[in-house]
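Structure file input20.pdb with PDB, C-alpha atoms and all ligand atoms:
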```pdb
ATOM      1  CA  MET A   1     116.374  56.145 -95.629
ATOM      2  CA  ASN A   2     112.903  56.550 -97.048
ATOM      3  CA  LEU A   3     110.429  59.197 -95.991
ATOM      4  CA  VAL A   4     108.462  56.892 -93.678
ATOM      5  CA  SER A   5     111.458  55.792 -91.638
ATOM      6  CA  ALA A   6     112.636  59.421 -91.402
ATOM      7  CA  TYR A   7     109.199  60.398 -90.150
ATOM      8  CA  LEU A   8     109.257  57.562 -87.549
ATOM      9  CA  ARG A   9     112.684  58.563 -86.362
ATOM     10  CA  VAL A  10     111.668  62.212 -85.894
ATOM     11  CA  ARG A  11     108.529  61.089 -84.051
ATOM     12  CA  GLU A  12     110.602  58.925 -81.724
ATOM     13  CA  TRP A  13     113.000  61.758 -81.164
ATOM     14  CA  LEU A  14     110.136  64.148 -80.326
ATOM     15  CA  ARG A  15     108.689  61.567 -77.936
ATOM     16  CA  SER A  16     111.957  61.242 -76.072
ATOM     17  CA  ILE A  17     112.145  65.056 -75.792
ATOM     18  CA  GLU A  18     108.613  64.979 -74.381
ATOM     19  CA  GLN A  19     109.675  62.345 -71.868
ATOM     20  CA  ILE A  20     112.683  64.395 -70.795
ATOM     21  CA  ARG A  21     110.426  67.427 -70.371
ATOM     22  CA  ALA A  22     108.037  65.382 -68.202
ATOM     23  CA  TRP A  23     110.985  64.273 -66.067
ATOM     24  CA  VAL A  24     112.197  67.859 -65.695
ATOM     25  CA  VAL A  25     108.707  68.988 -64.619
ATOM     26  CA  PHE A  26     108.586  66.101 -62.146
ATOM     27  CA  LEU A  27     112.101  66.640 -60.834
ATOM     28  CA  ARG A  28     111.962  70.411 -60.435
ATOM     29  CA  PRO A  29     110.015  70.375 -57.118
ATOM     30  CA  VAL A  30     112.084  67.386 -55.950
ATOM     31  CA  VAL A  31     115.296  69.338 -56.614
ATOM     32  CA  ALA A  32     113.830  72.440 -54.926
ATOM     33  CA  TYR A  33     112.833  70.350 -51.882
ATOM     34  CA  ALA A  34     116.301  68.738 -51.720
ATOM     35  CA  ARG A  35     117.859  72.197 -51.919
ATOM     36  CA  VAL A  36     115.742  73.444 -48.963
ATOM     37  CA  VAL A  37     116.655  70.367 -46.900
ATOM     38  CA  SER A  38     120.359  70.823 -47.662
ATOM     39  CA  CYS A  39     120.136  74.558 -46.762
ATOM     40  CA  LYS A  40     118.615  73.568 -43.414
ATOM     41  CA  LEU A  41     121.400  71.055 -42.782
ATOM     42  CA  ALA A  42     123.931  73.791 -43.589
ATOM     43  CA  VAL A  43     122.220  76.185 -41.138
ATOM     44  CA  ILE A  44     122.182  73.453 -38.457
ATOM     45  CA  GLY A  45     125.924  72.943 -38.925
ATOM     46  CA  LYS A  46     126.760  76.659 -39.066
ATOM     47  CA  CYS A  47     124.668  77.583 -36.022
ATOM     48  CA  LYS A  48     125.706  74.435 -34.092
ATOM     49  CA  TYR A  49     122.108  73.421 -33.376
ATOM     50  CA  TRP A  50     123.158  69.835 -32.457
ATOM     51  CA  ARG A  51     122.470  70.476 -28.766
ATOM     52  CA  HIS A  52     118.884  71.473 -29.598
ATOM     53  CA  MET A  53     118.369  68.545 -31.965
ATOM     54  CA  TRP A  54     119.710  65.971 -29.554
ATOM     55  CA  ARG A  55     117.123  67.059 -26.975
ATOM     56  CA  ARG A  56     114.205  67.110 -29.422
ATOM     57  CA  PRO A  57     114.877  64.432 -32.073
ATOM     58  CA  LEU A  58     111.345  64.065 -33.464
ATOM     59  CA  LEU A  59     110.812  67.794 -33.712
ATOM     60  CA  SER A  60     114.226  68.024 -35.389
ATOM     61  CA  LEU A  61     113.165  65.554 -38.081
ATOM     62  CA  ALA A  62     109.894  67.446 -38.521
ATOM     63  CA  PHE A  63     111.926  70.633 -38.978
ATOM     64  CA  ILE A  64     114.329  69.132 -41.515
ATOM     65  CA  PHE A  65     111.704  67.447 -43.690
ATOM     66  CA  MET A  66     108.478  69.408 -43.196
ATOM     67  CA  ASP A  67     109.123  72.966 -42.033
ATOM     68  CA  PRO A  68     109.220  75.577 -44.833
ATOM     69  CA  GLU A  69     111.452  77.973 -42.848
ATOM     70  CA  VAL A  70     115.209  77.768 -43.224
ATOM     71  CA  THR A  71     116.239  80.538 -40.794
ATOM     72  CA  ASN A  72     114.608  83.078 -38.468
ATOM     73  CA  PHE A  73     112.287  80.369 -37.156
ATOM     74  CA  THR A  74     108.805  81.223 -35.971
ATOM     75  CA  TYR A  75     106.876  79.284 -33.337
ATOM     76  CA  ALA A  76     104.472  79.723 -30.461
ATOM     77  CA  ILE A  77     105.988  79.816 -26.992
ATOM     78  CA  GLY A  78     104.894  78.006 -23.853
ATOM     79  CA  ASN A  79     105.987  80.533 -21.222
ATOM     80  CA  LEU A  80     104.065  83.671 -22.204
ATOM     81  CA  ASP A  81     102.957  84.093 -18.570
ATOM     82  CA  GLU A  82     106.582  84.376 -17.515
ATOM     83  CA  LEU A  83     107.133  86.954 -20.241
ATOM     84  CA  GLY A  84     104.353  89.090 -18.742
ATOM     85  CA  ASN A  85     105.937  88.835 -15.287
ATOM     86  CA  PHE A  86     109.348  89.695 -16.732
ATOM     87  CA  MET A  87     108.029  92.830 -18.446
ATOM     88  CA  ALA A  88     106.073  93.814 -15.326
ATOM     89  CA  ARG A  89     109.255  93.626 -13.236
ATOM     90  CA  ILE A  90     111.233  95.830 -15.630
ATOM     91  CA  PHE A  91     108.566  98.451 -16.176
ATOM     92  CA  ARG A  92     107.196  98.397 -12.624
ATOM     93  CA  VAL A  93     103.594  97.550 -13.376
ATOM     94  CA  GLU A  94     101.295  94.825 -12.049
ATOM     95  CA  PRO A  95     101.920  91.457 -13.755
ATOM     96  CA  GLU A  96      98.247  91.438 -14.820
ATOM     97  CA  ALA A  97      98.732  94.715 -16.715
ATOM     98  CA  ALA A  98     101.727  93.381 -18.692
ATOM     99  CA  GLY A  99      99.997  90.016 -19.204
ATOM    100  CA  ALA A 100      96.926  91.812 -20.565
ATOM    101  CA  PHE A 101      99.042  93.428 -23.293
ATOM    102  CA  ILE A 102     100.531  90.091 -24.290
ATOM    103  CA  ARG A 103      97.033  88.597 -24.491
ATOM    104  CA  GLU A 104      95.907  91.655 -26.456
ATOM    105  CA  LEU A 105      98.404  90.697 -29.174
ATOM    106  CA  GLU A 106      97.857  86.940 -29.038
ATOM    107  CA  GLU A 107      94.066  87.370 -29.214
ATOM    108  CA  ASP A 108      94.129  90.020 -31.935
ATOM    109  CA  PHE A 109      92.580  87.664 -34.496
ATOM    110  CA  ASP A 110      91.980  90.293 -37.198
ATOM    111  CA  PHE A 111      95.627  91.342 -37.124
ATOM    112  CA  ARG A 112      96.826  87.736 -37.257
ATOM    113  CA  SER A 113      94.480  87.050 -40.196
ATOM    114  CA  GLU A 114      95.956  90.033 -42.056
ATOM    115  CA  LEU A 115      99.471  88.627 -41.581
ATOM    116  CA  ASN A 116      98.377  85.069 -42.400
ATOM    117  CA  ALA A 117      96.920  86.226 -45.720
ATOM    118  CA  LEU A 118     100.282  87.770 -46.651
ATOM    119  CA  LEU A 119     102.237  84.733 -45.423
ATOM    120  CA  ARG A 120     100.101  82.480 -47.630
ATOM    121  CA  THR A 121     101.627  84.183 -50.676
ATOM    122  CA  ARG A 122     104.987  82.589 -49.778
ATOM    123  CA  PRO A 123     105.628  78.826 -49.997
ATOM    124  CA  ASP A 124     108.833  79.283 -47.989
ATOM    125  CA  ARG A 125     107.033  80.611 -44.922
ATOM    126  CA  LYS A 126     104.630  79.176 -42.345
ATOM    127  CA  HIS A 127     101.124  80.311 -43.165
ATOM    128  CA  ILE A 128     100.326  81.362 -39.644
ATOM    129  CA  ALA A 129     101.920  84.296 -37.862
ATOM    130  CA  LEU A 130     103.648  83.064 -34.708
ATOM    131  CA  TYR A 131     105.233  85.894 -32.739
ATOM    132  CA  GLY A 132     107.425  84.039 -30.209
ATOM    133  CA  ARG A 133     109.367  86.468 -28.037
ATOM    134  CA  ARG A 134     108.310  89.415 -30.213
ATOM    135  CA  ALA A 135     105.266  89.480 -27.920
ATOM    136  CA  GLY A 136     107.700  91.019 -25.402
ATOM    137  CA  TRP A 137     108.528  93.817 -27.856
ATOM    138  CA  TYR A 138     104.801  94.463 -28.260
ATOM    139  CA  CYS A 139     104.344  94.595 -24.514
ATOM    140  CA  ALA A 140     107.288  97.009 -24.137
ATOM    141  CA  VAL A 141     105.769  99.401 -26.699
ATOM    142  CA  ARG A 142     102.342  99.240 -25.071
ATOM    143  CA  LEU A 143     103.840  99.971 -21.641
ATOM    144  CA  LEU A 144     106.440 102.577 -22.611
ATOM    145  CA  LYS A 145     104.394 104.493 -25.225
ATOM    146  CA  PRO A 146     107.569 105.452 -27.148
ATOM    147  CA  ARG A 147     107.581 108.244 -29.727
ATOM    148  CA  VAL A 148     110.475 106.759 -31.683
ATOM    149  CA  VAL A 149     111.389 103.073 -31.989
ATOM    150  CA  ILE A 150     114.332 101.777 -34.041
ATOM    151  CA  GLU A 151     114.645  98.121 -35.023
ATOM    152  CA  THR A 152     117.783  96.886 -36.782
ATOM    153  CA  GLY A 153     117.164  93.776 -38.898
ATOM    154  CA  VAL A 154     113.668  93.867 -40.367
ATOM    155  CA  GLN A 155     113.725  90.776 -42.612
ATOM    156  CA  ASP A 156     110.086  89.867 -43.491
ATOM    157  CA  GLY A 157     108.784  92.434 -41.047
ATOM    158  CA  LEU A 158     107.087  90.163 -38.518
ATOM    159  CA  GLY A 159     108.645  92.010 -35.592
ATOM    160  CA  SER A 160     108.059  95.370 -37.313
ATOM    161  CA  SER A 161     104.386  94.511 -37.828
ATOM    162  CA  VAL A 162     103.996  93.619 -34.168
ATOM    163  CA  LEU A 163     105.687  96.883 -33.140
ATOM    164  CA  LEU A 164     103.546  98.904 -35.555
ATOM    165  CA  ARG A 165     100.373  97.262 -34.272
ATOM    166  CA  ALA A 166     101.367  98.276 -30.730
ATOM    167  CA  LEU A 167     102.079 101.834 -31.924
ATOM    168  CA  GLU A 168      98.711 101.905 -33.667
ATOM    169  CA  ARG A 169      96.973 100.937 -30.418
ATOM    170  CA  ASN A 170      98.972 103.585 -28.529
ATOM    171  CA  ARG A 171      97.910 106.169 -31.117
ATOM    172  CA  ALA A 172      94.262 105.277 -30.606
ATOM    173  CA  GLU A 173      94.888 106.080 -26.929
ATOM    174  CA  GLY A 174      96.453 109.474 -27.774
ATOM    175  CA  MET A 175     100.183 108.528 -27.763
ATOM    176  CA  ASP A 176     101.624 108.773 -31.257
ATOM    177  CA  GLY A 177     104.846 107.017 -32.224
ATOM    178  CA  LYS A 178     106.824 105.848 -35.253
ATOM    179  CA  LEU A 179     109.115 102.965 -36.189
ATOM    180  CA  ILE A 180     112.342 103.177 -38.173
ATOM    181  CA  GLY A 181     113.508  99.804 -39.485
ATOM    182  CA  ILE A 182     117.029  99.246 -40.808
ATOM    183  CA  ASP A 183     118.017  96.372 -43.091
ATOM    184  CA  ILE A 184     120.461  95.807 -45.929
ATOM    185  CA  VAL A 185     117.884  93.946 -48.054
ATOM    186  CA  LEU A 186     115.635  96.078 -50.257
ATOM    187  CA  SER A 187     112.566  93.820 -50.011
ATOM    188  CA  SER A 188     112.616  93.793 -46.195
ATOM    189  CA  GLY A 189     109.303  94.423 -44.515
ATOM    190  CA  TRP A 190     107.143  92.875 -47.265
ATOM    191  CA  LEU A 191     104.928  91.364 -44.553
ATOM    192  CA  ILE A 192     103.944  94.696 -43.008
ATOM    193  CA  PRO A 193     100.253  95.350 -43.737
ATOM    194  CA  ALA A 194      99.766  98.450 -45.913
ATOM    195  CA  ARG A 195      97.571 100.198 -43.353
ATOM    196  CA  LEU A 196     100.398 100.147 -40.769
ATOM    197  CA  ARG A 197     103.009 101.685 -43.043
ATOM    198  CA  ASP A 198     102.195 105.360 -42.454
ATOM    199  CA  ARG A 199     104.309 105.376 -39.265
ATOM    200  CA  PHE A 200     107.064 103.176 -40.715
ATOM    201  CA  THR A 201     110.299 104.137 -42.448
ATOM    202  CA  LEU A 202     112.554 101.478 -43.919
ATOM    203  CA  VAL A 203     116.201 102.505 -44.155
ATOM    204  CA  VAL A 204     117.961 100.160 -46.577
ATOM    205  CA  GLU A 205     121.511 100.504 -45.345
ATOM    206  CA  ASP A 206     124.090  98.837 -43.140
ATOM    207  CA  SER A 207     123.249  99.636 -39.515
ATOM    208  CA  LYS A 208     126.890 100.622 -39.034
ATOM    209  CA  THR A 209     126.448 103.709 -41.217
ATOM    210  CA  ALA A 210     122.720 104.325 -40.668
ATOM    211  CA  LEU A 211     122.735 104.425 -36.857
ATOM    212  CA  PRO A 212     125.283 107.242 -36.290
ATOM    213  CA  ARG A 213     123.258 109.446 -38.673
ATOM    214  CA  LEU A 214     119.908 108.537 -37.077
ATOM    215  CA  ALA A 215     121.393 109.125 -33.619
ATOM    216  CA  ASP A 216     122.065 112.740 -34.662
ATOM    217  CA  GLN A 217     118.501 113.186 -35.902
ATOM    218  CA  GLU A 218     116.269 111.364 -33.414
ATOM    219  CA  THR A 219     115.647 110.804 -29.729
ATOM    220  CA  VAL A 220     115.190 107.048 -29.554
ATOM    221  CA  ASP A 221     112.907 105.883 -26.750
ATOM    222  CA  LEU A 222     113.205 102.190 -27.662
ATOM    223  CA  PHE A 223     116.008 100.549 -29.623
ATOM    224  CA  ILE A 224     115.818  96.898 -30.710
ATOM    225  CA  HIS A 225     118.836  95.020 -32.023
ATOM    226  CA  ASP A 226     117.920  92.118 -34.333
ATOM    227  CA  SER A 227     120.394  92.422 -37.233
ATOM    228  CA  ASP A 228     123.774  90.705 -37.598
ATOM    229  CA  HIS A 229     124.257  88.935 -34.289
ATOM    230  CA  SER A 230     128.035  89.110 -33.966
ATOM    231  CA  TYR A 231     129.271  90.545 -30.667
ATOM    232  CA  GLU A 232     131.126  93.435 -32.336
ATOM    233  CA  ARG A 233     128.140  94.423 -34.498
ATOM    234  CA  GLU A 234     125.719  94.265 -31.608
ATOM    235  CA  LEU A 235     127.919  96.296 -29.265
ATOM    236  CA  GLY A 236     128.674  98.749 -32.086
ATOM    237  CA  GLU A 237     124.940  99.371 -32.537
ATOM    238  CA  TYR A 238     124.463 100.128 -28.833
ATOM    239  CA  GLN A 239     127.442 102.473 -28.805
ATOM    240  CA  ALA A 240     126.198 104.259 -31.919
ATOM    241  CA  ILE A 241     122.698 104.811 -30.556
ATOM    242  CA  ARG A 242     123.671 105.671 -26.968
ATOM    243  CA  LYS A 243     123.708 109.444 -27.443
ATOM    244  CA  ALA A 244     120.151 109.296 -28.869
ATOM    245  CA  LEU A 245     118.747 107.493 -25.812
ATOM    246  CA  PRO A 246     116.941 109.683 -23.281
ATOM    247  CA  THR A 247     117.661 108.945 -19.598
ATOM    248  CA  ASP A 248     114.750 106.486 -19.510
ATOM    249  CA  GLY A 249     115.535 105.056 -22.978
ATOM    250  CA  VAL A 250     115.222 101.285 -23.327
ATOM    251  CA  VAL A 251     117.373  98.916 -25.389
ATOM    252  CA  ILE A 252     116.272  95.393 -26.290
ATOM    253  CA  SER A 253     118.556  92.685 -27.628
ATOM    254  CA  ASP A 254     116.982  89.831 -29.521
ATOM    255  CA  ASN A 255     120.279  88.012 -29.190
ATOM    256  CA  ALA A 256     120.912  87.957 -25.447
ATOM    257  CA  HIS A 257     121.371  84.162 -25.605
ATOM    258  CA  GLY A 258     124.039  84.594 -28.301
ATOM    259  CA  THR A 259     126.311  87.294 -26.866
ATOM    260  CA  ASP A 260     126.589  89.293 -23.646
ATOM    261  CA  ALA A 261     127.028  92.566 -25.570
ATOM    262  CA  LEU A 262     123.970  94.229 -24.025
ATOM    263  CA  LYS A 263     124.899  93.089 -20.514
ATOM    264  CA  ARG A 264     128.385  94.552 -20.910
ATOM    265  CA  PHE A 265     127.044  97.747 -22.461
ATOM    266  CA  SER A 266     124.646  98.095 -19.508
ATOM    267  CA  GLU A 267     127.414  97.542 -16.960
ATOM    268  CA  ALA A 268     129.701 100.034 -18.697
ATOM    269  CA  HIS A 269     127.018 102.723 -18.612
ATOM    270  CA  SER A 270     125.419 101.957 -15.217
ATOM    271  CA  ARG A 271     122.194 100.739 -16.784
ATOM    272  CA  GLY A 272     119.868  98.025 -15.512
ATOM    273  CA  PHE A 273     120.012  94.691 -17.344
ATOM    274  CA  TYR A 274     117.305  91.993 -17.444
ATOM    275  CA  TYR A 275     117.288  88.612 -19.181
ATOM    276  CA  TRP A 276     114.499  86.242 -20.161
ATOM    277  CA  ARG A 277     114.486  83.035 -22.215
ATOM    278  CA  GLU A 278     111.551  81.801 -24.277
ATOM    279  CA  GLN A 279     110.424  78.156 -24.491
ATOM    280  CA  PRO A 280     109.260  77.319 -28.014
ATOM    281  CA  LYS A 281     106.392  74.861 -28.434
ATOM    282  CA  ASP A 282     106.464  72.272 -31.244
ATOM    283  CA  HIS A 283     109.891  73.291 -32.546
ATOM    284  CA  PHE A 284     113.316  71.694 -32.181
ATOM    285  CA  TYR A 285     114.877  75.083 -31.365
ATOM    286  CA  LEU A 286     115.205  75.434 -27.605
ATOM    287  CA  GLY A 287     114.593  79.161 -27.720
ATOM    288  CA  GLY A 288     116.194  82.570 -27.952
ATOM    289  CA  SER A 289     116.253  85.316 -25.368
ATOM    290  CA  ILE A 290     115.365  88.893 -24.781
ATOM    291  CA  GLY A 291     117.828  91.152 -23.008
ATOM    292  CA  VAL A 292     116.534  94.510 -21.808
ATOM    293  CA  SER A 293     118.694  97.444 -20.776
ATOM    294  CA  THR A 294     117.131 100.381 -18.959
ATOM    295  CA  GLY A 295     118.475 103.770 -17.966
ATOM    296  CA  GLY A 296     117.498 104.163 -14.295
ATOM    297  CA  ILE A 297     114.249 102.953 -12.796
ATOM    298  CA  ILE A 298     111.361 103.062 -15.221
ATOM    299  CA  SER A 299     107.841 103.117 -13.911
ATOM    300  CA  CYS A 300     105.125 102.819 -16.521
ATOM    301  CA  ALA A 301     102.276 102.517 -14.035
ATOM    302  CA  GLU A 302     101.166 106.149 -14.480
ATOM    303  CA  LYS A 303     101.210 105.809 -18.274
ATOM    304  CA  LEU A 304      98.517 103.158 -17.913
ATOM    305  CA  SER A 305      96.213 105.226 -15.743
TER     306      SER A 305
HETATM  307  C1  LIG B 401     117.100  87.825 -37.575
HETATM  308  S1  LIG B 401     116.689  88.683 -39.032
HETATM  309  C2  LIG B 401     115.574  89.916 -38.414
HETATM  310  C3  LIG B 401     114.279  89.359 -37.943
HETATM  311  C4  LIG B 401     113.196  90.359 -37.715
HETATM  312  N1  LIG B 401     113.564  91.385 -36.769
HETATM  313  C5  LIG B 401     111.928  89.667 -37.247
HETATM  314  O1  LIG B 401     111.273  90.154 -36.332
HETATM  315  O2  LIG B 401     111.580  88.628 -37.825
HETATM  316  C6  LIG B 401     118.160  89.571 -39.338
HETATM  317  C7  LIG B 401     118.077  90.634 -40.412
HETATM  318  O3  LIG B 401     119.212  91.483 -40.249
HETATM  319  C8  LIG B 401     119.600  91.951 -41.499
HETATM  320  N2  LIG B 401     121.001  92.394 -41.406
HETATM  321  C9  LIG B 401     122.107  91.630 -41.401
HETATM  322  N3  LIG B 401     123.205  92.407 -41.335
HETATM  323  C10 LIG B 401     122.779  93.683 -41.281
HETATM  324  C11 LIG B 401     123.440  94.945 -41.211
HETATM  325  N4  LIG B 401     124.766  95.018 -41.219
HETATM  326  N5  LIG B 401     122.683  96.070 -41.158
HETATM  327  C12 LIG B 401     121.342  95.988 -41.183
HETATM  328  N6  LIG B 401     120.659  94.829 -41.260
HETATM  329  C13 LIG B 401     121.369  93.692 -41.315
HETATM  330  C14 LIG B 401     119.395  90.759 -42.413
HETATM  331  O4  LIG B 401     119.258  91.200 -43.744
HETATM  332  C15 LIG B 401     118.136  90.125 -41.829
HETATM  333  O5  LIG B 401     116.995  90.552 -42.546
END
```
Using structure tokens, write down the structure that the file contains.
Ligand SMILES: C[S@@+](CC[C@H](N)C(=O)[O-])C[C@H]1O[C@@H](n2cnc3c(N)ncnc32)[C@H](O)[C@@H]1O
Amino acid sequence: MNLVSAYLRVREWLRSIEQIRAWVVFLRPVVAYARVVSCKLAVIGKCKYWRHMWRRPLLSLAFIFMDPEVTNFTYAIGNLDELGNFMARIFRVEPEAAGAFIRELEEDFDFRSELNALLRTRPDRKHIALYGRRAGWYCAVRLLKPRVVIETGVQDGLGSSVLLRALERNRAEGMDGKLIGIDIVLSSGWLIPARLRDRFTLVVEDSKTALPRLADQETVDLFIHDSDHSYERELGEYQAIRKALPTDGVVISDNAHGTDALKRFSEAHSRGFYYWREQPKDHFYLGGSIGVSTGGIISCAEKLS
């Protein structure tokens, strides 16, 4: 082999490497996209979402091929008015008063812009903050004016942000309060705007071990379960936090459509139980539910005056 043919062979070899590199660059997003789609199919199978998909086939296809979210779906809901009425019934206020708090959140454009800016840093999230039934949590905080709120299962921190925004508004009206969030993932709560973090503590720990300790340290006016949604875990959380609840303490389950743990807990401890189901707009998912457990009759009307 002379020098020229060796040179030509090396050049050809380099060219084919270049072509392979171009293919890898081209295929990388295709592989990533295929991986997301297959994760969604796995979630659909695991969570048995067939019933939802059958009823909303086009939205199901849109979810599988176009939605960046794999779990913990976010969407707007179509029955916010009902949510206001539901909250009004539990907390014994006029429906207009509860509805006004829900509108206060939905029309808080500066707050939503803050969250949207943070969401835009993540390709695997929708770039608009859609609160869904978390608007009910917001309303509960605005009505109850709790001093201590605990939320298990923080994930991105969308629910935590909504709760902290409600606490911030309460503070401006002279009722201070704080939020303790519990999650096993260190990066949980990345979505919470920096200015809302002064009244937020993230406990990175299994709720099973964190809650008994917190129950010894705090009086918990509002407890929200949104962590591992197995019946045993959910019930275990309520049992662990029970001694920290004052007589008018409120417990919210974000999983009342999944288990009847909060209903049973309420029956066992002579507490009131209320149930409401959301109706997502533009999403295949037919909706989750809020369960609310109250100790005795709670009237928030005087807190609003
Ligand atoms: C449904 S997501 C929470 C959603 C969040 N509350 C929101 O508003 O978007 C469930 C979260 O629970 C957390 N989790 C699961 N098992 C847990 C456990 N044993 N203790 C604490 N957190 C847990 C997961 O890491 C996940 O972030």
Can you list, as a count of residues only, every protein, DNA or RNA residue that comes within 10 Å of A:Val148 when you count only C-alpha atoms, leaving out same-chain residues fewer than 3 positions away? 14
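Here the question is which of A:Gly296, A:Gly157, A:Gly84, A:Gly136 gets nearest to ligand LIG 401 (chain B) using only C-alpha atoms and all ligand atoms, and that residue is A:Gly157.
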Can I get the residues of chain A within 9 Å of ligand LIG 401 (chain B), each with the closest pair of atoms and their distance in Å to one decimal, using all atoms listed in the file, sorted chain first then ascending number, as JSON lines?
```
{"residue": "A:Thr71", "atom": "CA", "partner": "B:LIG401", "partner_atom": "C1", "distance": 8.0}
{"residue": "A:Asn72", "atom": "CA", "partner": "B:LIG401", "partner_atom": "C1", "distance": 5.4}
{"residue": "A:Phe73", "atom": "CA", "partner": "B:LIG401", "partner_atom": "O2", "distance": 8.3}
{"residue": "A:Thr74", "atom": "CA", "partner": "B:LIG401", "partner_atom": "O2", "distance": 8.1}
{"residue": "A:Tyr131", "atom": "CA", "partner": "B:LIG401", "partner_atom": "O1", "distance": 8.2}
{"residue": "A:Arg134", "atom": "CA", "partner": "B:LIG401", "partner_atom": "O1", "distance": 6.8}
{"residue": "A:Glu151", "atom": "CA", "partner": "B:LIG401", "partner_atom": "N1", "distance": 7.0}
{"residue": "A:Thr152", "atom": "CA", "partner": "B:LIG401", "partner_atom": "N6", "distance": 5.7}
{"residue": "A:Gly153", "atom": "CA", "partner": "B:LIG401", "partner_atom": "O3", "distance": 3.4}
{"residue": "A:Val154", "atom": "CA", "partner": "B:LIG401", "partner_atom": "N1", "distance": 4.4}
{"residue": "A:Gln155", "atom": "CA", "partner": "B:LIG401", "partner_atom": "O5", "distance": 3.3}
{"residue": "A:Asp156", "atom": "CA", "partner": "B:LIG401", "partner_atom": "O2", "distance": 6.0}
{"residue": "A:Gly157", "atom": "CA", "partner": "B:LIG401", "partner_atom": "C5", "distance": 5.7}
{"residue": "A:Leu158", "atom": "CA", "partner": "B:LIG401", "partner_atom": "O1", "distance": 4.7}
{"residue": "A:Gly159", "atom": "CA", "partner": "B:LIG401", "partner_atom": "O1", "distance": 3.3}
{"residue": "A:Ser160", "atom": "CA", "partner": "B:LIG401", "partner_atom": "O1", "distance": 6.2}
{"residue": "A:Ser161", "atom": "CA", "partner": "B:LIG401", "partner_atom": "O1", "distance": 8.3}
{"residue": "A:Val162", "atom": "CA", "partner": "B:LIG401", "partner_atom": "O1", "distance": 8.3}
{"residue": "A:Gly181", "atom": "CA", "partner": "B:LIG401", "partner_atom": "N1", "distance": 8.8}
{"residue": "A:Ile182", "atom": "CA", "partner": "B:LIG401", "partner_atom": "C12", "distance": 5.4}
{"residue": "A:Asp183", "atom": "CA", "partner": "B:LIG401", "partner_atom": "N6", "distance": 3.6}
{"residue": "A:Ile184", "atom": "CA", "partner": "B:LIG401", "partner_atom": "N6", "distance": 4.8}
{"residue": "A:Val185", "atom": "CA", "partner": "B:LIG401", "partner_atom": "O4", "distance": 5.3}
{"residue": "A:Leu186", "atom": "CA", "partner": "B:LIG401", "partner_atom": "O4", "distance": 8.9}
{"residue": "A:Ser188", "atom": "CA", "partner": "B:LIG401", "partner_atom": "O5", "distance": 6.6}
{"residue": "A:Gly189", "atom": "CA", "partner": "B:LIG401", "partner_atom": "C4", "distance": 8.8}
{"residue": "A:Val203", "atom": "CA", "partner": "B:LIG401", "partner_atom": "C12", "distance": 8.8}
{"residue": "A:Val204", "atom": "CA", "partner": "B:LIG401", "partner_atom": "C12", "distance": 7.6}
{"residue": "A:Glu205", "atom": "CA", "partner": "B:LIG401", "partner_atom": "C12", "distance": 6.1}
{"residue": "A:Asp206", "atom": "CA", "partner": "B:LIG401", "partner_atom": "N5", "distance": 3.7}
{"residue": "A:Ser207", "atom": "CA", "partner": "B:LIG401", "partner_atom": "N5", "distance": 4.0}
{"residue": "A:Lys208", "atom": "CA", "partner": "B:LIG401", "partner_atom": "N4", "distance": 6.4}
{"residue": "A:Thr209", "atom": "CA", "partner": "B:LIG401", "partner_atom": "N5", "distance": 8.5}
{"residue": "A:Ala210", "atom": "CA", "partner": "B:LIG401", "partner_atom": "N5", "distance": 8.3}
{"residue": "A:Ile224", "atom": "CA", "partner": "B:LIG401", "partner_atom": "N1", "distance": 8.5}
{"residue": "A:His225", "atom": "CA", "partner": "B:LIG401", "partner_atom": "N1", "distance": 8.0}
{"residue": "A:Asp226", "atom": "CA", "partner": "B:LIG401", "partner_atom": "N1", "distance": 5.0}
{"residue": "A:Ser227", "atom": "CA", "partner": "B:LIG401", "partner_atom": "O3", "distance": 3.4}
{"residue": "A:Asp228", "atom": "CA", "partner": "B:LIG401", "partner_atom": "N3", "distance": 4.1}
{"residue": "A:His229", "atom": "CA", "partner": "B:LIG401", "partner_atom": "C9", "distance": 7.9}
{"residue": "A:Arg233", "atom": "CA", "partner": "B:LIG401", "partner_atom": "N4", "distance": 7.5}
{"residue": "A:Asp254", "atom": "CA", "partner": "B:LIG401", "partner_atom": "N1", "distance": 8.2}
{"residue": "A:Asn255", "atom": "CA", "partner": "B:LIG401", "partner_atom": "C1", "distance": 9.0}
```
Could you list, as a compact mmCIF listing (two decimals) with C-alpha atoms, in the coordinates of the input, every residue matched by the PyMOL selection byres (((chain A and resi 281) around 10) and not hetatm) in this structure?
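Result file result-v5.txt:
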```txt
# COMPACT_ATOMS: atom_id res chain seq x y z
CA LEU A 59 110.81 67.79 -33.71
CA TYR A 75 106.88 79.28 -33.34
CA ALA A 76 104.47 79.72 -30.46
CA ILE A 77 105.99 79.82 -26.99
CA GLY A 78 104.89 78.01 -23.85
CA ASN A 79 105.99 80.53 -21.22
CA GLY A 132 107.42 84.04 -30.21
CA GLU A 278 111.55 81.80 -24.28
CA GLN A 279 110.42 78.16 -24.49
CA PRO A 280 109.26 77.32 -28.01
CA ASP A 282 106.46 72.27 -31.24
CA HIS A 283 109.89 73.29 -32.55
CA PHE A 284 113.32 71.69 -32.18
CA TYR A 285 114.88 75.08 -31.36
CA LEU A 286 115.20 75.43 -27.60
CA GLY A 287 114.59 79.16 -27.72
```
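Under the PyMOL selection byres (((chain A and resi 261-275) around 6) and not hetatm), the matching residues in the shown file are Tyr231, Leu235, Thr259, Asp260, Trp276, Ile290, Gly291, Val292, Ser293, Thr294 and Gly295 of chain A.
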Taking the file as shown, what set of residues would the PyMOL selection byres (((chain A and resi 101) around 9) and not hetatm) give back, as a PyMOL selection string? chain A and resi 84+96-100+102-106+135+138-139+142-143
